[in-house]
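Remarks on the structure that follows.
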Amino acid sequence: MIIRGFAQLADELSAAGGRRPALAVAGAGEPQVLAAVIRAAGRGLLDYLLVGQPAPINAAARAAGASLDPSRIVAADGDDTAACAVRLVREGRAQLLMKGNISSSALLRQAVDRERGLRGPALMTHIAALQLPAYHKLMFYSDGGVIPHPDLAKKRIILDNALQFARRLGYARPKVALLTAAEQLYADDAASADAAELARQCAAGEHGVCDAAGPISFDLATAPEAARRKDYRSPVAGDADILITPDIHAGNLLGKALTYFGGALMAGLVMGARVPIVMASRGCDCDEQYYSIILALRMLQAEQQGR
């Protein structure tokens with residue numbers, strides 16, 4: 001399967017129909033976020049609960065050309081905003097969670113709370129999707145937003161969450177690039193050694209059906225001409241679906257470089273919690289916020305279908 005762009009995902013989701021889940025938005029007084037939520041609701045994809053101070057939320061709605069039903073607003077302020085949104089999900093009043101005009105750390109702090117949060121059985125990790133003019137399909141990468149310095153054990157979970165994400169989108173055999181600066185294995189370099197070990201695990205079937213290459217450089221993973229010049233042969237070469245970065249710095253830099261200078265459109269969410277968490281950067285525009293919601297809805301749909 002190949003997903004060429006975000007519009008394809010949105011159209012497939014809209015065509016599927018079914019029950020509309022509710023989205024709890026923490027810090028909903030952000031015009032770009034609220035416009036994206038209203039856009040998704042307008043397509044009949046979801047209902048929503050807006051958590052935060054009513055005045056900024058209503059102002060953001062007016063900026064989006066919408067008038068809100070007061071019953072959709074759940075008043076909260078300061079540190080209670082994230083806690084309130086998480087509580088709505090725990091109580092079953094919402095099935096998805098979204099970050100609005102609050103910091104990622106504030107929302108995740110509440111989500112990972114052992115007693116009142118949304119911890120799942122695995123580590124929470126961030127996955128981003130990029131729609132690039134110069135690439136022939138959506139590109140996914142992880143982790144550029146949650147795990148700062150993953151060791152091998154955490155990288156294994158990052159990989160598994162990313163594979164689950166791709167499979168829920170319909171990829172039967174995802175192609176994974178375990179990125180480093182070069183394709184050579186350097187035994188004294190942790191990133192290189194970890195990439196080689198994860199590739200070995202994939203080859204042994206420890207991560208389900210997939211193709212993996214690592215260590216592998218970004219150009220070999222995404223550019224067929226680079227792979228031809230270097231005579232690098234792998235099903236992943238020039239055709240990667242998933243890029244696993246060595247650490248959060250590499251992932252964050254990769255995403256922002258491709259967004260600001262490569263013309264990429266980015267969407268992102270957090271996997272590993274009880275529900276998908278929509279977590280795009282506050283610098284993202286309405287389209288990127290909207291497509292982040294679409295990704296989360298696709299994850300929820302696939303889970304409900306047992307995938």
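Chain labels follow the order of the structure tokens: the first chain is A, the next B, and so on; residue numbering restarts at 1 in every chain, and ligands are counted from 1 in their shown order.
Residue neighbourhood of Gly255 of chain A, excluding near-sequence residues (fewer than 2 positions): Ala128, Leu130, Tyr141, Gly144, Ala250, Gly251, Asn252, Leu253, Ala257, Leu258, Thr259, Tyr260, Ala264 and Met266 of chain A, at 9 Å, using only C-alpha atoms.
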Compile the contact shell of segment 57-70 of chain A as number ranges by chain: residues with an atom at most 8 Å away, counting only C-alpha atoms, same-chain residues fewer than 4 positions apart removed.
A: 28-31, 34-35, 38, 50, 52-53
Expected answer as a VMD selection string: helix (DSSP H, G or I) residues in segment 51-185 of chain A:
chain A and resid 54 to 63 70 to 72 80 to 90 104 to 111 152 to 168
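For the set A:Arg116, A:Lys137, A:Lys99, A:His249, the residue with the smallest atom-to-atom gap to Gly268 of chain A is A:Lys99, counting only C-alpha atoms.
Here the question is which of A:Ala76, A:Val146, A:Ile216, A:Val209 gets nearest to Leu243 of chain A using only C-alpha atoms, and that residue is A:Ile216.
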What is the atom CA of Phe261 of chain A to atom CA of Ser281 of chain A distance in Å?
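Atom-to-atom, atom CA of Phe261 of chain A and atom CA of Ser281 of chain A are spaced 16.6 Å apart.
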So that I can see what lies close to Ala213 of chain A, please list as a short mmCIF file (atom, residue, chain, number, x, y, z; two decimals) with C-alpha atoms, in the first residue's frame the residues with an atom at most 7 Å from it, counting only C-alpha atoms and leaving out residues fewer than 4 positions away in the same chain.
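Just written: selection38.cif:
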data_model
loop_
_atom_site.label_atom_id
_atom_site.label_comp_id
_atom_site.auth_asym_id
_atom_site.auth_seq_id
_atom_site.Cartn_x
_atom_site.Cartn_y
_atom_site.Cartn_z
CA VAL A 176 11.96 0.99 7.98
CA ALA A 177 15.17 3.02 7.80
CA LEU A 178 17.18 3.04 11.03
CA ALA A 199 17.80 -4.28 11.84
CA VAL A 236 14.23 0.08 1.87
#
Identify, on the basis of only C-alpha atoms, every residue whose closest approach to Ala10 of chain A does not exceed 9 Å; exclude the query and any residue fewer than 6 positions from it along the same chain; express the result as an MDAnalysis selection string.
chainID A and resid 291 294:295 298
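Distance-wise, atom CA of Leu132 of chain A and atom CA of Arg4 of chain A end up 9.5 Å apart.
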Go through segment 1-217 of chain A and collect every residue that DSSP, computed from the backbone, puts in strand (DSSP E or B); the answer should be as an MDAnalysis selection string.
chainID A and resid 22:26 47:52 73:75 96:99 119 125:131 139:142 175:179 211:216
Which of these, A:Glu91, A:Asp143, A:Asp247, A:Asp77, has the shortest distance to Val270 of chain A once you count only C-alpha atoms?
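Residue with the minimum atom-to-atom distance to Val270 of chain A: A:Asp143.
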Using only C-alpha atoms, which of the listed residues (A:Arg20, A:Arg156, A:Arg167, A:Arg233) sits closest to Ala195 of chain A?
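Among A:Arg20, A:Arg156, A:Arg167, A:Arg233, it is A:Arg156 that comes nearest to Ala195 of chain A.
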Contacts of Phe218 of chain A at 8 Å or less, counting only C-alpha atoms, minus same-chain residues fewer than 3 places along, as JSON, numbers by chain?
{"A": [179, 180, 181, 221, 222]}
May I have the selected residues written with C-alpha atoms, as a compact mmCIF listing (two decimals), in the first residue's frame?
# COMPACT_ATOMS: atom_id res chain seq x y z
CA LEU A 179 18.97 6.32 10.47
CA THR A 180 22.54 7.29 11.31
CA ALA A 181 25.04 9.62 9.65
CA ALA A 221 16.81 5.70 2.63
CA THR A 222 14.95 8.24 0.51
Leu152 of chain A surroundings by only C-alpha atoms, 12 Å radius, close-in-sequence under 5 positions cut, as a list in words
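Those residues are Ile157, Ile158, Leu159, Ala190, Ala191, Ser192, Ala193, Asp194, Ala195, Ala196, Glu197, Leu198, Ala199, Gln201, Pro246 and Asp247 of chain A.
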Save out the residues we just selected, all heavy atoms, as a tab-separated table (two decimals), in the first residue's frame.
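Writing done, so here's again05.tsv:
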chain	number	residue	atom	x	y	z
A	157	ILE	N	10.91	0.14	21.46
A	157	ILE	CA	9.50	0.53	21.63
A	157	ILE	C	9.13	1.61	20.63
A	157	ILE	O	8.02	1.60	20.07
A	157	ILE	CB	9.26	1.00	23.07
A	157	ILE	CG1	9.54	-0.14	24.06
A	157	ILE	CG2	7.82	1.49	23.24
A	157	ILE	CD1	9.52	0.28	25.51
A	158	ILE	N	10.04	2.57	20.40
A	158	ILE	CA	9.80	3.59	19.37
A	158	ILE	C	9.52	2.93	18.02
A	158	ILE	O	8.57	3.30	17.30
A	158	ILE	CB	11.01	4.54	19.26
A	158	ILE	CG1	11.09	5.43	20.51
A	158	ILE	CG2	10.93	5.39	18.00
A	158	ILE	CD1	12.39	6.22	20.62
A	159	LEU	N	10.32	1.93	17.68
A	159	LEU	CA	10.14	1.20	16.43
A	159	LEU	C	8.80	0.47	16.41
A	159	LEU	O	8.05	0.54	15.42
A	159	LEU	CB	11.29	0.22	16.23
A	159	LEU	CG	11.17	-0.76	15.07
A	159	LEU	CD1	11.03	-0.03	13.74
A	159	LEU	CD2	12.37	-1.71	15.04
A	190	ALA	N	27.19	4.29	19.56
A	190	ALA	CA	25.95	3.70	20.05
A	190	ALA	C	24.83	3.75	19.02
A	190	ALA	O	24.08	2.79	18.84
A	190	ALA	CB	25.51	4.40	21.34
A	191	ALA	N	24.70	4.87	18.31
A	191	ALA	CA	23.63	5.00	17.33
A	191	ALA	C	23.77	3.97	16.22
A	191	ALA	O	22.79	3.34	15.80
A	191	ALA	CB	23.62	6.41	16.75
A	192	SER	N	25.01	3.80	15.75
A	192	SER	CA	25.28	2.83	14.69
A	192	SER	C	25.02	1.40	15.17
A	192	SER	O	24.37	0.60	14.49
A	192	SER	CB	26.73	2.99	14.23
A	192	SER	OG	27.07	2.00	13.30
A	193	ALA	N	25.51	1.08	16.38
A	193	ALA	CA	25.33	-0.27	16.92
A	193	ALA	C	23.85	-0.57	17.18
A	193	ALA	O	23.36	-1.67	16.90
A	193	ALA	CB	26.14	-0.43	18.21
A	194	ASP	N	23.11	0.43	17.70
A	194	ASP	CA	21.68	0.23	17.96
A	194	ASP	C	20.92	0.00	16.66
A	194	ASP	O	20.03	-0.86	16.60
A	194	ASP	CB	21.10	1.45	18.69
A	194	ASP	CG	21.56	1.56	20.13
A	194	ASP	OD1	22.18	0.61	20.64
A	194	ASP	OD2	21.29	2.61	20.74
A	195	ALA	N	21.25	0.76	15.63
A	195	ALA	CA	20.58	0.59	14.34
A	195	ALA	C	20.82	-0.80	13.79
A	195	ALA	O	19.90	-1.46	13.28
A	195	ALA	CB	21.06	1.66	13.36
A	196	ALA	N	22.05	-1.28	13.88
A	196	ALA	CA	22.36	-2.62	13.38
A	196	ALA	C	21.61	-3.69	14.17
A	196	ALA	O	21.11	-4.66	13.59
A	196	ALA	CB	23.87	-2.86	13.47
A	197	GLU	N	21.50	-3.51	15.48
A	197	GLU	CA	20.81	-4.50	16.30
A	197	GLU	C	19.31	-4.50	15.99
A	197	GLU	O	18.68	-5.57	15.89
A	197	GLU	CB	21.04	-4.21	17.78
A	197	GLU	CG	20.21	-5.05	18.75
A	197	GLU	CD	20.36	-6.55	18.59
A	197	GLU	OE1	21.35	-7.01	18.00
A	197	GLU	OE2	19.46	-7.28	19.06
A	198	LEU	N	18.72	-3.33	15.82
A	198	LEU	CA	17.30	-3.28	15.49
A	198	LEU	C	17.04	-3.90	14.11
A	198	LEU	O	16.02	-4.59	13.91
A	198	LEU	CB	16.80	-1.84	15.52
A	198	LEU	CG	16.71	-1.19	16.91
A	198	LEU	CD1	16.40	0.30	16.78
A	198	LEU	CD2	15.65	-1.87	17.77
A	199	ALA	N	17.93	-3.67	13.16
A	199	ALA	CA	17.80	-4.28	11.84
A	199	ALA	C	17.88	-5.81	11.96
A	199	ALA	O	17.13	-6.54	11.29
A	199	ALA	CB	18.88	-3.76	10.90
A	201	GLN	N	17.03	-7.58	14.60
A	201	GLN	CA	15.77	-8.02	15.21
A	201	GLN	C	14.65	-8.09	14.17
A	201	GLN	O	13.85	-9.03	14.16
A	201	GLN	CB	15.38	-7.06	16.33
A	201	GLN	CG	16.30	-7.10	17.55
A	201	GLN	CD	15.95	-6.02	18.56
A	201	GLN	OE1	14.93	-5.35	18.45
A	201	GLN	NE2	16.80	-5.86	19.57
A	246	PRO	N	18.14	8.64	15.57
A	246	PRO	CA	18.93	8.21	16.74
A	246	PRO	C	18.47	8.84	18.05
A	246	PRO	O	18.61	8.22	19.10
A	246	PRO	CB	20.36	8.67	16.39
A	246	PRO	CG	20.36	8.89	14.92
A	246	PRO	CD	18.98	9.29	14.55
A	247	ASP	N	17.96	10.08	17.99
A	247	ASP	CA	17.51	10.74	19.21
A	247	ASP	C	16.54	11.85	18.84
A	247	ASP	O	16.26	12.10	17.67
A	247	ASP	CB	18.68	11.28	20.04
A	247	ASP	CG	19.55	12.27	19.27
A	247	ASP	OD1	19.02	12.96	18.38
A	247	ASP	OD2	20.75	12.35	19.57
Coordinates-based distance that separates atom CA of Pro21 of chain A from atom CA of Ala122 of chain A (Å, one decimal):
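Atom-to-atom, atom CA of Ala122 of chain A to atom CA of Pro21 of chain A, that is 23.3 Å.
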For Glu12 of chain A, which residue among A:Leu118, A:Ala227, A:Leu96, A:Leu169 is the nearest when counting only C-alpha atoms?
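Ranking A:Leu118, A:Ala227, A:Leu96, A:Leu169 by distance to Glu12 of chain A, first place goes to A:Leu169.
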Using only C-alpha atoms, which of the listed residues (A:Gly27, A:Gly44, A:Gly145, A:Gly263) sits closest to Ser14 of chain A?
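Residue with the minimum atom-to-atom distance to Ser14 of chain A: A:Gly44.
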